[in-house]
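Visitor: If you scroll down you'll find the structure; I have some questions about it.
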Amino acid sequence: GTLGGWQLAVNAHVSPARRKAAARLIAHLTSPEANRVLALHYARNPPRLALYDDPELKREEPFIASLKEALVRARPRPVTPYYLLIADVLQSEFSAAVAGIRSPEESLSRAQKQVDHLTGETVEGVR
């Protein structure tokens, strides 16, 4: 899985009045109450971890509540300038396995070799 967000921000060049209004809107949109409404009525996963223990969320949206363990274990993807290239390799090889063009083992082996080539790794892990 991946972690992400809405990237809410305030333009540095707006007037003080608009900056204040935007800050209030962001505070509202990121509040526990708004997060609960978005989860219950729009199936949006709450960014606040405490809401996954909310009794109403557990009762009304048990699938969303069940995501807590996955979120606790989630880690950001590794930072690499090769991310897009690696994603293309993985998508291509995983699709080949799903479509039956190659066995899963062969696709994984090919993907590993291509990723190692892109990142300068060798089988022994030496750069």
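Each chain in the structure tokens gets a letter, A, B, ..., in the order shown, and its residues are numbered from 1; ligands are numbered from 1 in order too.
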Which residues are close to region 80-95 of chain A, i.e. within 10 Å by only C-alpha atoms, leaving aside same-chain residues fewer than 6 positions away? Reply as an MDAnalysis selection string.
Guide: chainID A and resid 101:104 106:112 114:116 118:119
Visitor: Can you list, as a PyMOL selection string, all residues belonging to chain A that DSSP tags as helix (DSSP H, G or I)?
Guide: chain A and resi 16-29+32-42+49-53+55-60+62-65+68-73+83-98+104-119
Visitor: For region 32-41 of chain A, please output as a JSON list (two decimals) with C-alpha atoms, in the first residue's frame all residues within 9 Å (counting only C-alpha atoms; exclusion window: fewer than 2 positions along the same chain).
Guide:
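New file out16.json:
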```json
[["chain", "number", "residue", "atom", "x", "y", "z"],
["A", 28, "HIS", "CA", -12.35, 21.87, 9.49],
["A", 29, "LEU", "CA", -11.54, 19.37, 6.70],
["A", 30, "THR", "CA", -8.86, 17.72, 8.83],
["A", 43, "ALA", "CA", -15.93, 5.80, 2.27],
["A", 44, "ARG", "CA", -12.85, 8.00, 2.71],
["A", 45, "ASN", "CA", -10.21, 6.39, 4.91],
["A", 46, "PRO", "CA", -9.57, 8.74, 7.84],
["A", 47, "PRO", "CA", -6.02, 10.06, 8.22],
["A", 48, "ARG", "CA", -6.45, 10.17, 12.01],
["A", 50, "ALA", "CA", -7.78, 7.21, 16.48],
["A", 51, "LEU", "CA", -10.87, 7.15, 14.27],
["A", 54, "ASP", "CA", -14.37, 4.82, 16.76],
["A", 56, "GLU", "CA", -19.65, 4.18, 15.10],
["A", 57, "LEU", "CA", -17.07, 3.66, 12.35],
["A", 60, "GLU", "CA", -21.16, 1.25, 10.18],
["A", 61, "GLU", "CA", -17.98, 0.72, 8.13],
["A", 64, "ILE", "CA", -12.58, 0.81, 6.90]]
```
Visitor: One decimal, Å: what's the distance from CA of Lys20 (chain A) over to CA of Leu8 (chain A), could you say?
Guide: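 Those two atoms sit 13.9 Å apart.
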